[in-house]
Each structure stands twice: as structure tokens, then as C-alpha cells.
$ cat start-v3.cif   # mmCIF, C-alpha atoms
data_upload
#
loop_
_atom_site.group_PDB
_atom_site.id
_atom_site.type_symbol
_atom_site.label_atom_id
_atom_site.label_comp_id
_atom_site.auth_asym_id
_atom_site.auth_seq_id
_atom_site.Cartn_x
_atom_site.Cartn_y
_atom_site.Cartn_z
ATOM 1 C CA MET A 1 0.000 0.000 0.000
ATOM 2 C CA GLY A 2 2.903 2.316 0.772
ATOM 3 C CA VAL A 3 4.514 1.795 -2.641
ATOM 4 C CA LYS A 4 1.258 2.711 -4.354
ATOM 5 C CA GLY A 5 1.436 6.251 -2.962
ATOM 6 C CA PHE A 6 4.921 6.707 -4.417
ATOM 7 C CA VAL A 7 3.804 5.445 -7.846
ATOM 8 C CA GLU A 8 0.723 7.682 -7.912
ATOM 9 C CA GLY A 9 2.683 10.729 -6.761
ATOM 10 C CA GLY A 10 5.502 10.048 -9.213
ATOM 11 C CA ILE A 11 3.227 9.802 -12.240
ATOM 12 C CA ALA A 12 1.326 12.962 -11.331
ATOM 13 C CA SER A 13 4.529 14.886 -10.560
ATOM 14 C CA VAL A 14 6.287 14.025 -13.834
ATOM 15 C CA ILE A 15 3.232 15.038 -15.880
ATOM 16 C CA ALA A 16 2.810 18.301 -13.940
ATOM 17 C CA GLY A 17 6.516 19.168 -14.005
ATOM 18 C CA SER A 18 6.972 18.496 -17.717
ATOM 19 C CA SER A 19 3.873 20.423 -18.777
ATOM 20 C CA THR A 20 4.779 23.546 -16.781
ATOM 21 C CA HIS A 21 8.549 23.486 -17.440
ATOM 22 C CA PRO A 22 8.591 26.602 -19.706
ATOM 23 C CA LEU A 23 6.987 28.664 -16.928
ATOM 24 C CA ASP A 24 9.578 27.401 -14.463
ATOM 25 C CA LEU A 25 12.344 28.324 -16.904
ATOM 26 C CA ILE A 26 11.045 31.898 -17.230
ATOM 27 C CA LYS A 27 10.825 32.120 -13.438
ATOM 28 C CA VAL A 28 14.501 31.148 -13.081
ATOM 29 C CA ARG A 29 15.589 33.693 -15.694
ATOM 30 C CA MET A 30 13.655 36.435 -13.895
ATOM 31 C CA GLN A 31 15.116 35.493 -10.524
ATOM 32 C CA LEU A 32 18.599 36.009 -11.966
ATOM 33 C CA GLN A 33 17.791 39.467 -13.347
ATOM 34 C CA GLY A 34 19.980 42.179 -11.882
ATOM 35 C CA GLU A 35 22.596 39.721 -10.660
ATOM 36 C CA THR A 36 25.137 40.176 -13.470
ATOM 37 C CA PRO A 37 26.053 43.686 -14.736
ATOM 38 C CA PRO A 38 26.483 44.574 -18.437
ATOM 39 C CA SER A 39 30.237 43.913 -18.267
ATOM 40 C CA ASN A 40 29.510 40.258 -17.398
ATOM 41 C CA LEU A 41 31.435 40.450 -14.127
ATOM 42 C CA ARG A 42 30.827 37.780 -11.553
ATOM 43 C CA PRO A 43 27.893 38.318 -9.141
ATOM 44 C CA ALA A 44 30.221 39.187 -6.259
ATOM 45 C CA LEU A 45 31.746 42.036 -8.273
ATOM 46 C CA ALA A 46 28.309 43.043 -9.476
ATOM 47 C CA PHE A 47 27.382 43.743 -5.872
ATOM 48 C CA HIS A 48 30.346 46.017 -5.309
ATOM 49 C CA ARG A 49 29.677 47.979 -8.503
ATOM 50 C CA SER A 50 25.944 48.301 -8.010
ATOM 51 C CA SER A 51 26.297 51.780 -6.573
ATOM 52 C CA VAL A 52 28.033 52.933 -9.765
ATOM 53 C CA HIS A 53 25.853 51.405 -12.442
ATOM 54 C CA ALA A 54 22.149 52.074 -12.677
ATOM 55 C CA PRO A 55 20.141 48.913 -12.000
ATOM 56 C CA PRO A 56 18.910 47.154 -15.144
ATOM 57 C CA ALA A 57 15.318 47.676 -16.116
ATOM 58 C CA LYS A 58 12.951 45.012 -14.835
ATOM 59 C CA VAL A 59 11.453 42.803 -17.517
ATOM 60 C CA GLY A 60 8.144 40.976 -17.138
ATOM 61 C CA PRO A 61 7.556 37.262 -17.741
ATOM 62 C CA ILE A 62 5.997 37.716 -21.191
ATOM 63 C CA ALA A 63 8.910 39.872 -22.356
ATOM 64 C CA VAL A 64 11.388 37.387 -20.900
ATOM 65 C CA GLY A 65 9.655 34.541 -22.721
ATOM 66 C CA ILE A 66 9.552 36.406 -26.043
ATOM 67 C CA LYS A 67 13.207 37.446 -25.781
ATOM 68 C CA LEU A 68 14.204 33.906 -24.892
ATOM 69 C CA VAL A 69 12.460 32.466 -27.960
ATOM 70 C CA GLN A 70 13.880 35.174 -30.239
ATOM 71 C CA GLN A 71 17.458 34.695 -29.056
ATOM 72 C CA GLU A 72 17.555 30.956 -28.355
ATOM 73 C CA GLY A 73 14.654 29.446 -30.268
ATOM 74 C CA VAL A 74 11.405 27.778 -29.217
ATOM 75 C CA ALA A 75 13.261 24.661 -28.085
ATOM 76 C CA ALA A 76 14.976 26.775 -25.410
ATOM 77 C CA LEU A 77 11.676 26.845 -23.493
ATOM 78 C CA PHE A 78 12.405 23.229 -22.633
ATOM 79 C CA SER A 79 16.064 23.698 -21.687
ATOM 80 C CA GLY A 80 16.776 21.383 -18.784
ATOM 81 C CA VAL A 81 13.534 19.418 -19.109
ATOM 82 C CA SER A 82 15.438 16.155 -18.600
ATOM 83 C CA ALA A 83 16.619 17.501 -15.251
ATOM 84 C CA THR A 84 13.048 18.473 -14.390
ATOM 85 C CA ILE A 85 11.843 14.929 -15.095
ATOM 86 C CA LEU A 86 14.646 13.421 -12.995
ATOM 87 C CA ARG A 87 13.942 15.934 -10.228
ATOM 88 C CA GLN A 88 10.272 14.998 -10.175
ATOM 89 C CA LEU A 89 11.136 11.291 -10.129
ATOM 90 C CA LEU A 90 13.482 11.765 -7.169
ATOM 91 C CA TYR A 91 12.109 14.712 -5.206
ATOM 92 C CA SER A 92 8.380 14.744 -5.833
ATOM 93 C CA THR A 93 7.924 10.992 -5.894
ATOM 94 C CA THR A 94 9.635 10.769 -2.502
ATOM 95 C CA ARG A 95 7.726 13.636 -0.887
ATOM 96 C CA MET A 96 4.340 12.596 -2.274
ATOM 97 C CA GLY A 97 4.847 8.984 -1.243
ATOM 98 C CA LEU A 98 6.080 9.824 2.264
ATOM 99 C CA TYR A 99 3.266 12.328 2.805
ATOM 100 C CA ASP A 100 0.741 9.688 1.763
ATOM 101 C CA MET A 101 2.282 7.170 4.175
ATOM 102 C CA LEU A 102 2.247 9.621 7.083
ATOM 103 C CA LYS A 103 -1.283 10.729 6.227
ATOM 104 C CA LYS A 104 -2.545 7.156 6.398
ATOM 105 C CA LYS A 105 -0.647 6.539 9.628
ATOM 106 C CA TRP A 106 -1.756 9.720 11.383
ATOM 107 C CA SER A 107 -5.343 9.960 10.124
ATOM 108 C CA ASP A 108 -8.016 10.012 12.811
ATOM 109 C CA PRO A 109 -9.296 6.416 13.089
ATOM 110 C CA ASN A 110 -12.625 7.749 14.347
ATOM 111 C CA SER A 111 -13.106 9.919 11.261
ATOM 112 C CA THR A 112 -15.216 8.445 8.480
ATOM 113 C CA SER A 113 -13.418 10.566 5.895
ATOM 114 C CA GLY A 114 -9.947 9.542 7.053
ATOM 115 C CA THR A 115 -8.803 13.104 7.704
ATOM 116 C CA MET A 116 -6.137 14.312 10.103
ATOM 117 C CA PRO A 117 -5.675 17.612 11.993
ATOM 118 C CA LEU A 118 -4.052 20.524 10.143
ATOM 119 C CA ALA A 119 -1.041 20.448 12.481
ATOM 120 C CA TYR A 120 -0.419 16.824 11.510
ATOM 121 C CA LYS A 121 -0.760 17.684 7.810
ATOM 122 C CA ILE A 122 1.841 20.448 8.139
ATOM 123 C CA THR A 123 4.204 18.187 10.096
ATOM 124 C CA ALA A 124 3.853 15.427 7.508
ATOM 125 C CA GLY A 125 4.576 17.952 4.755
ATOM 126 C CA LEU A 126 7.677 19.269 6.514
ATOM 127 C CA ILE A 127 9.110 15.784 6.986
ATOM 128 C CA ALA A 128 8.257 14.531 3.492
ATOM 129 C CA GLY A 129 9.491 17.697 1.812
ATOM 130 C CA GLY A 130 12.819 17.723 3.641
ATOM 131 C CA ILE A 131 13.635 14.097 2.821
ATOM 132 C CA GLY A 132 12.486 14.461 -0.784
ATOM 133 C CA ALA A 133 14.653 17.542 -1.320
ATOM 134 C CA ALA A 134 17.767 15.839 0.036
ATOM 135 C CA VAL A 135 17.217 12.960 -2.389
ATOM 136 C CA GLY A 136 16.548 15.194 -5.408
ATOM 137 C CA ASN A 137 19.087 18.008 -4.863
ATOM 138 C CA PRO A 138 21.586 16.881 -7.585
ATOM 139 C CA ALA A 139 18.835 17.028 -10.211
ATOM 140 C CA ASP A 140 17.703 20.401 -8.815
ATOM 141 C CA VAL A 141 21.186 21.925 -9.216
ATOM 142 C CA ALA A 142 21.443 20.524 -12.743
ATOM 143 C CA MET A 143 17.994 21.871 -13.635
ATOM 144 C CA VAL A 144 18.782 25.414 -12.445
ATOM 145 C CA ARG A 145 22.081 25.492 -14.342
ATOM 146 C CA MET A 146 20.596 24.119 -17.544
ATOM 147 C CA GLN A 147 17.723 26.609 -17.394
ATOM 148 C CA ALA A 148 20.051 29.557 -16.744
ATOM 149 C CA ASP A 149 22.766 28.626 -19.253
ATOM 150 C CA GLY A 150 21.257 30.477 -22.197
ATOM 151 C CA ARG A 151 21.493 33.861 -20.458
ATOM 152 C CA LEU A 152 25.293 33.644 -20.255
ATOM 153 C CA PRO A 153 27.672 34.783 -23.037
ATOM 154 C CA PRO A 154 28.496 31.849 -25.372
ATOM 155 C CA ALA A 155 32.059 31.586 -24.021
ATOM 156 C CA GLN A 156 30.807 31.174 -20.442
ATOM 157 C CA ARG A 157 28.038 28.650 -21.066
ATOM 158 C CA ARG A 158 28.357 25.198 -19.582
ATOM 159 C CA ASN A 159 26.503 23.557 -22.485
ATOM 160 C CA TYR A 160 25.409 20.447 -20.622
ATOM 161 C CA LYS A 161 24.130 17.816 -23.050
ATOM 162 C CA SER A 162 21.711 16.258 -20.577
ATOM 163 C CA VAL A 163 21.014 15.975 -16.873
ATOM 164 C CA VAL A 164 23.360 12.976 -16.689
ATOM 165 C CA ASP A 165 26.127 14.990 -18.372
ATOM 166 C CA ALA A 166 25.488 17.907 -15.999
ATOM 167 C CA ILE A 167 25.685 15.774 -12.861
ATOM 168 C CA THR A 168 28.765 13.890 -14.141
ATOM 169 C CA ARG A 169 30.662 17.064 -15.037
ATOM 170 C CA MET A 170 29.748 18.818 -11.782
ATOM 171 C CA ALA A 171 31.010 15.853 -9.760
ATOM 172 C CA LYS A 172 34.211 15.663 -11.828
ATOM 173 C CA ASP A 173 35.032 19.378 -12.099
ATOM 174 C CA GLU A 174 33.722 20.714 -8.790
ATOM 175 C CA GLY A 175 33.563 17.645 -6.572
ATOM 176 C CA VAL A 176 30.700 15.409 -5.503
ATOM 177 C CA THR A 177 29.686 17.892 -2.818
ATOM 178 C CA SER A 178 28.760 20.396 -5.558
ATOM 179 C CA LEU A 179 25.738 18.193 -6.281
ATOM 180 C CA TRP A 180 24.363 19.247 -2.913
ATOM 181 C CA ARG A 181 25.220 22.944 -3.303
ATOM 182 C CA GLY A 182 22.384 24.979 -1.865
ATOM 183 C CA SER A 183 20.921 21.833 -0.306
ATOM 184 C CA SER A 184 20.030 23.655 2.900
ATOM 185 C CA LEU A 185 17.960 26.056 0.817
ATOM 186 C CA THR A 186 16.472 23.248 -1.226
ATOM 187 C CA VAL A 187 15.475 21.357 1.911
ATOM 188 C CA ASN A 188 14.021 24.465 3.577
ATOM 189 C CA ARG A 189 12.118 25.423 0.437
ATOM 190 C CA ALA A 190 10.839 21.892 -0.074
ATOM 191 C CA MET A 191 9.659 21.669 3.522
ATOM 192 C CA ILE A 192 7.755 24.948 3.153
ATOM 193 C CA VAL A 193 6.351 24.090 -0.293
ATOM 194 C CA THR A 194 5.295 20.574 0.656
ATOM 195 C CA ALA A 195 3.773 21.632 3.965
ATOM 196 C CA SER A 196 1.895 24.540 2.392
ATOM 197 C CA GLN A 197 0.987 22.801 -0.871
ATOM 198 C CA LEU A 198 -0.065 19.311 0.225
ATOM 199 C CA ALA A 199 -1.490 20.348 3.590
ATOM 200 C CA SER A 200 -3.363 23.284 2.013
ATOM 201 C CA TYR A 201 -4.814 21.082 -0.719
ATOM 202 C CA ASP A 202 -6.145 18.553 1.754
ATOM 203 C CA GLN A 203 -7.442 21.311 4.030
ATOM 204 C CA PHE A 204 -9.161 23.283 1.248
ATOM 205 C CA LYS A 205 -10.654 20.120 -0.224
ATOM 206 C CA GLU A 206 -12.029 19.022 3.150
ATOM 207 C CA MET A 207 -13.494 22.482 3.808
ATOM 208 C CA ILE A 208 -15.228 22.558 0.417
ATOM 209 C CA LEU A 209 -16.721 19.108 0.916
ATOM 210 C CA GLU A 210 -17.700 19.639 4.575
ATOM 211 C CA LYS A 211 -19.487 22.905 3.795
ATOM 212 C CA GLY A 212 -21.224 21.308 0.838
ATOM 213 C CA LEU A 213 -19.993 23.972 -1.578
ATOM 214 C CA MET A 214 -19.196 21.414 -4.273
ATOM 215 C CA ARG A 215 -19.159 17.687 -4.771
ATOM 216 C CA ASP A 216 -15.979 15.615 -4.776
ATOM 217 C CA GLY A 217 -15.089 16.053 -8.434
ATOM 218 C CA LEU A 218 -13.035 18.040 -10.918
ATOM 219 C CA GLY A 219 -14.333 21.435 -9.775
ATOM 220 C CA THR A 220 -13.414 20.773 -6.159
ATOM 221 C CA HIS A 221 -9.973 19.453 -7.132
ATOM 222 C CA VAL A 222 -9.225 22.496 -9.308
ATOM 223 C CA MET A 223 -10.381 25.027 -6.709
ATOM 224 C CA ALA A 224 -8.517 23.356 -3.835
ATOM 225 C CA SER A 225 -5.334 22.831 -5.851
ATOM 226 C CA PHE A 226 -5.145 26.398 -7.214
ATOM 227 C CA SER A 227 -5.641 27.802 -3.709
ATOM 228 C CA ALA A 228 -2.877 25.507 -2.448
ATOM 229 C CA GLY A 229 -0.601 26.643 -5.274
ATOM 230 C CA PHE A 230 -1.064 30.302 -4.327
ATOM 231 C CA VAL A 231 -0.228 29.608 -0.688
ATOM 232 C CA ALA A 232 2.885 27.650 -1.699
ATOM 233 C CA ALA A 233 4.076 30.410 -4.062
ATOM 234 C CA VAL A 234 3.788 33.147 -1.439
ATOM 235 C CA MET A 235 5.593 31.090 1.173
ATOM 236 C CA SER A 236 8.427 29.781 -0.999
ATOM 237 C CA ASN A 237 9.395 32.577 -3.419
ATOM 238 C CA PRO A 238 12.070 34.297 -1.244
ATOM 239 C CA ILE A 239 13.857 31.024 -0.572
ATOM 240 C CA ASP A 240 13.501 30.075 -4.236
ATOM 241 C CA VAL A 241 15.271 33.254 -5.386
ATOM 242 C CA ILE A 242 18.230 32.671 -3.064
ATOM 243 C CA LYS A 243 18.359 28.974 -3.966
ATOM 244 C CA THR A 244 18.478 29.776 -7.667
ATOM 245 C CA ARG A 245 21.343 32.246 -7.255
ATOM 246 C CA VAL A 246 23.420 30.019 -4.980
ATOM 247 C CA MET A 247 23.040 27.008 -7.261
ATOM 248 C CA ASN A 248 23.806 29.011 -10.400
ATOM 249 C CA MET A 249 26.873 30.905 -9.123
ATOM 250 C CA LYS A 250 30.033 30.562 -11.200
ATOM 251 C CA VAL A 251 32.829 28.794 -9.356
ATOM 252 C CA GLU A 252 36.301 29.775 -10.566
ATOM 253 C CA PRO A 253 39.464 27.953 -9.386
ATOM 254 C CA GLY A 254 41.388 30.028 -6.853
ATOM 255 C CA ALA A 255 38.713 32.735 -6.677
ATOM 256 C CA ALA A 256 36.417 33.505 -3.763
ATOM 257 C CA LEU A 257 32.865 32.256 -4.092
ATOM 258 C CA PRO A 258 30.365 34.946 -5.147
ATOM 259 C CA TYR A 259 28.260 33.959 -2.141
ATOM 260 C CA SER A 260 29.584 32.272 0.989
ATOM 261 C CA GLY A 261 26.164 30.845 1.738
ATOM 262 C CA ALA A 262 22.431 31.420 1.772
ATOM 263 C CA LEU A 263 22.498 34.253 4.292
ATOM 264 C CA ASP A 264 25.318 36.033 2.447
ATOM 265 C CA CYS A 265 23.388 35.721 -0.808
ATOM 266 C CA ALA A 266 20.214 37.063 0.816
ATOM 267 C CA LEU A 267 22.031 40.064 2.334
ATOM 268 C CA LYS A 268 23.849 40.942 -0.903
ATOM 269 C CA THR A 269 20.644 40.588 -2.902
ATOM 270 C CA VAL A 270 18.629 42.813 -0.563
ATOM 271 C CA ARG A 271 21.379 45.444 -0.239
ATOM 272 C CA ALA A 272 22.021 45.633 -3.969
ATOM 273 C CA GLU A 273 18.467 45.279 -5.282
ATOM 274 C CA GLY A 274 16.108 45.952 -2.378
ATOM 275 C CA PRO A 275 13.868 43.651 -0.281
ATOM 276 C CA MET A 276 11.413 43.055 -3.105
ATOM 277 C CA ALA A 277 14.201 41.327 -5.033
ATOM 278 C CA LEU A 278 13.288 38.290 -2.934
ATOM 279 C CA TYR A 279 9.993 38.238 -4.813
ATOM 280 C CA LYS A 280 11.549 38.444 -8.264
ATOM 281 C CA GLY A 281 9.830 36.011 -10.547
ATOM 282 C CA PHE A 282 6.701 35.912 -8.382
ATOM 283 C CA VAL A 283 4.357 36.382 -11.350
ATOM 284 C CA PRO A 284 5.820 33.418 -13.248
ATOM 285 C CA THR A 285 6.103 31.564 -9.931
ATOM 286 C CA ILE A 286 2.374 31.810 -9.278
ATOM 287 C CA SER A 287 1.709 31.400 -13.015
ATOM 288 C CA ARG A 288 3.673 28.171 -12.847
ATOM 289 C CA GLN A 289 2.792 27.080 -9.295
ATOM 290 C CA GLY A 290 -0.935 27.476 -9.949
ATOM 291 C CA PRO A 291 -1.095 25.324 -13.113
ATOM 292 C CA PHE A 292 1.516 22.909 -11.722
ATOM 293 C CA THR A 293 -0.479 22.328 -8.553
ATOM 294 C CA VAL A 294 -3.748 22.019 -10.482
ATOM 295 C CA VAL A 295 -2.253 19.507 -12.938
ATOM 296 C CA LEU A 296 -0.526 17.690 -10.072
ATOM 297 C CA PHE A 297 -3.592 17.103 -7.933
ATOM 298 C CA VAL A 298 -6.112 16.662 -10.744
ATOM 299 C CA THR A 299 -3.806 14.043 -12.286
ATOM 300 C CA LEU A 300 -3.197 12.488 -8.863
ATOM 301 C CA GLU A 301 -6.931 12.126 -8.218
ATOM 302 C CA ARG A 302 -7.388 10.493 -11.665
ATOM 303 C CA VAL A 303 -4.445 8.161 -11.165
ATOM 304 C CA ARG A 304 -5.795 7.160 -7.751
ATOM 305 C CA LYS A 305 -9.102 6.197 -9.337
ATOM 306 C CA LEU A 306 -7.365 4.178 -12.058
ATOM 307 C CA LEU A 307 -5.177 2.342 -9.531
ATOM 308 C CA LYS A 308 -7.890 2.029 -6.903
ATOM 309 C CA ASP A 309 -8.306 -1.709 -7.394
ATOM 310 C CA PHE A 310 -4.566 -2.492 -7.514
#
$ encode --input "start-v3.cif" --output "C-alpha cells"
Amino acid sequence: MGVKGFVEGGIASVIAGSSTHPLDLIKVRMQLQGETPPSNLRPALAFHRSSVHAPPAKVGPIAVGIKLVQQEGVAALFSGVSATILRQLLYSTTRMGLYDMLKKKWSDPNSTSGTMPLAYKITAGLIAGGIGAAVGNPADVAMVRMQADGRLPPAQRRNYKSVVDAITRMAKDEGVTSLWRGSSLTVNRAMIVTASQLASYDQFKEMILEKGLMRDGLGTHVMASFSAGFVAAVMSNPIDVIKTRVMNMKVEPGAALPYSGALDCALKTVRAEGPMALYKGFVPTISRQGPFTVVLFVTLERVRKLLKDF
């Protein structure tokens, strides 16, 4: 029974992740806006020179998407999709399966609907998200780098051929530990996203059904999942911005790291670009998180029905 939850969550996650990948790509590009100055200096130097150069104009998600297609082609919208699929297979399959196991274990035995208190839902999400992120971090680093590669000058691009090539080269050139770069951020983000997303979905769905607003069907699943996606986007965006920058930073032999860690990255980002820089990419984040969460849970509910008798 436990394995079934992993299978259902894995199928739903891969479908949701693949279908919303272009939106995630645009989000990453927007989160990196303002980090590198026109002279293509490293991010650390960009911080020191920020008081001299005027900050670059902010570009919206539609403009970012159009520019990306014009400069790199339509296929660029799916840059790093192999890493996304691997990430969903590792990270999301683990978190969805573990959450399902904990939900079944902690559900109120006296409840006819098999529900559990909100505090238990949040706790289950925190645990499942943290473990899932630790398992999937190598694919997460590869995904961020592959998505961000096209914004670099041709001479500085990593040009990974696939997620396997990315992980292999990172381990060889930068050490195996580089595969877990930003893992503390990934784990923290995953704990927040999973707790807010999965717990919110269950909570919203239960509220809708208990109040008799809608029947247990597609409408209820869409409403509950979109609401959960909004909550997850608001909670996770600041950590997501820092995670993206830490994972994408250029490591040069003998040179100091652009960021010494998550806190250093957060401080430099806020000082150079203002507090709202932590919400860069929020529009594509919610534009992606909403559809992703809807596709995720609608697909999950369908898959559960198909596998109900197995």
C-alpha cells in the first residue's frame, strides 16, 4: 500500500513538471535578473559595482519569454527538461509517497473521511518535503544550471548535453559535494512548499466538501489545488530566489565564491536590489505554481481512481 502512494505521486509529478517546465524556466531567468552587470562580471563584483551602475530595467515574464524564444529558439523553453523529469522522479515521488504514508498513519481512526488535523498535515509535509529535497538536490542543481545557461555569453556557457552529463561534469570538475550545493535552501524550500501545498490542498478540499460547496469532483480538485498553489508560491518565493542564485553561481578555481552561503546571498541581494528582489519572478512563480499544482492534484486524483483496485 505504501509503494502505491509513491507510484501515484511520481506519475502525477512528472506530468505536472513536464507540462509547466517553460513557466519554471522563465521564473529562473527572472530570478537572476539584476545579478550580473552589463560587463559580465561575476555576481560578487556586481554587488560592489551596483552603486556605480544604474540597475537594469525590470522585464516581465511575457517579455522574458519572447526574448528567450527570439534569441535561443522555441526549443529553449524546454532547456533542462530532462533535469526536471529526474527531479520529479526523485524529489516529488519521494515527498508525495512519504506524505501519503504519514497521512494514512496519522489519520483520525474515528473519522469516516480519514482526515487528520491541520497540524499533523503540516508536520507530515515538513518531513516529506525535507527528505524528498535531500534525495533530489543533484537534479535540482542541474535543472537550475541548464535553465540559466542560455542567459550567459556563449564563451561562459556550460553547455550540458543532458542531466546525466550535468551531474557527471559537476562531480568531476567541482567535486561530488557540488551536487548538494544549496541543499540547505532546497530542503528548507521543499519543507515549506510541501507543507503549504499538500497540507493546504487537503485542508481546502475538506473544507469545500464539509461545507457542501461542491461535490468531490473536478471542480473541487481544481479550486482546492489552485488555492494551495497560491499559498505555496507566497511562502516559498524568497527562498527560491536565493536557492536559484546560490546554485547558479560561477565557481572559478582560486577565486572567492560569489556567495559564501544562503544568508550572504540574501544580504547581498537585498542590499544591492532591495527587499522586493526576494519576490523576483513571483508572477511566473504563481503562473507556474498554480497550473503545476492544479495539474498535479487533478492528475493524482485520476491516477488514484485508475489504480484504486490495484
$ atom_distance --input "start-v3.cif" --atom1 "atom CA of A:Val176" --atom2 "atom CA of A:Ile85"
21.2 Å
$ residues_around --input "start-v3.cif" --residues "A:Thr177" --least-positions-apart "4" --cutoff "12 Å" --atoms "only C-alpha atoms" --output "ChimeraX atom specification"
/A:137-138,141,167,170-173,181-183
$ resolve_selection --input "start-v3.cif" --expression "the PyMOL selection byres ((chain A and resi 7-23) around 7)" --output "list in words"
Val3, Lys4, Gly5, Phe6, Asp24, Leu25, Ile26, Lys27, Leu77, Phe78, Val81, Thr84, Ile85, Gln88, Leu89, Ser92, Thr93, Met96, Gly97, Pro284, Arg288, Phe292, Val295, Leu296, Thr299, Leu300, Val303 and Arg304 of chain A
$ write_last_selection --input "start-v3.cif" --atoms "C-alpha atoms" --output "compact mmCIF listing (two decimals), in the frame of the given file"
# COMPACT_ATOMS: atom_id res chain seq x y z
CA VAL A 3 4.51 1.80 -2.64
CA LYS A 4 1.26 2.71 -4.35
CA GLY A 5 1.44 6.25 -2.96
CA PHE A 6 4.92 6.71 -4.42
CA ASP A 24 9.58 27.40 -14.46
CA LEU A 25 12.34 28.32 -16.90
CA ILE A 26 11.04 31.90 -17.23
CA LYS A 27 10.82 32.12 -13.44
CA LEU A 77 11.68 26.84 -23.49
CA PHE A 78 12.40 23.23 -22.63
CA VAL A 81 13.53 19.42 -19.11
CA THR A 84 13.05 18.47 -14.39
CA ILE A 85 11.84 14.93 -15.10
CA GLN A 88 10.27 15.00 -10.18
CA LEU A 89 11.14 11.29 -10.13
CA SER A 92 8.38 14.74 -5.83
CA THR A 93 7.92 10.99 -5.89
CA MET A 96 4.34 12.60 -2.27
CA GLY A 97 4.85 8.98 -1.24
CA PRO A 284 5.82 33.42 -13.25
CA ARG A 288 3.67 28.17 -12.85
CA PHE A 292 1.52 22.91 -11.72
CA VAL A 295 -2.25 19.51 -12.94
CA LEU A 296 -0.53 17.69 -10.07
CA THR A 299 -3.81 14.04 -12.29
CA LEU A 300 -3.20 12.49 -8.86
CA VAL A 303 -4.44 8.16 -11.16
CA ARG A 304 -5.80 7.16 -7.75
$ residues_around --input "start-v3.cif" --residues "A:Ala224" --least-positions-apart "4" --cutoff "10 Å" --atoms "only C-alpha atoms" --output "count of residues only"
19
$ resolve_selection --input "start-v3.cif" --expression "the PyMOL selection byres ((chain A and resi 145) around 10)" --output "PyMOL selection string"
chain A and resi 28+79-80+83+139-144+146-150+157-160+163+166+244-245+247-250
$ axis_aligned_box --input "start-v3.cif" --around "stretch 139-158 of chain A" --padding-each-side "4 Å" --output "JSON"
{"center_x": 24.9, "center_y": 25.9, "center_z": -17.1, "size_x": 22.4, "size_y": 25.8, "size_z": 24.6}
$ closest_residue --input "start-v3.cif" --among "A:Gly217, A:Gly281, A:Gly60, A:Pro258" --to "A:Pro238" --atoms "only C-alpha atoms"
A:Gly281
$ residues_around --input "start-v3.cif" --residues "stretch 184-186 of chain A" --least-positions-apart "6" --cutoff "12 Å" --atoms "all atoms listed in the file" --output "number ranges by chain"
A: 87, 91, 129-141, 144, 192-194, 236-247, 261-263, 265-266
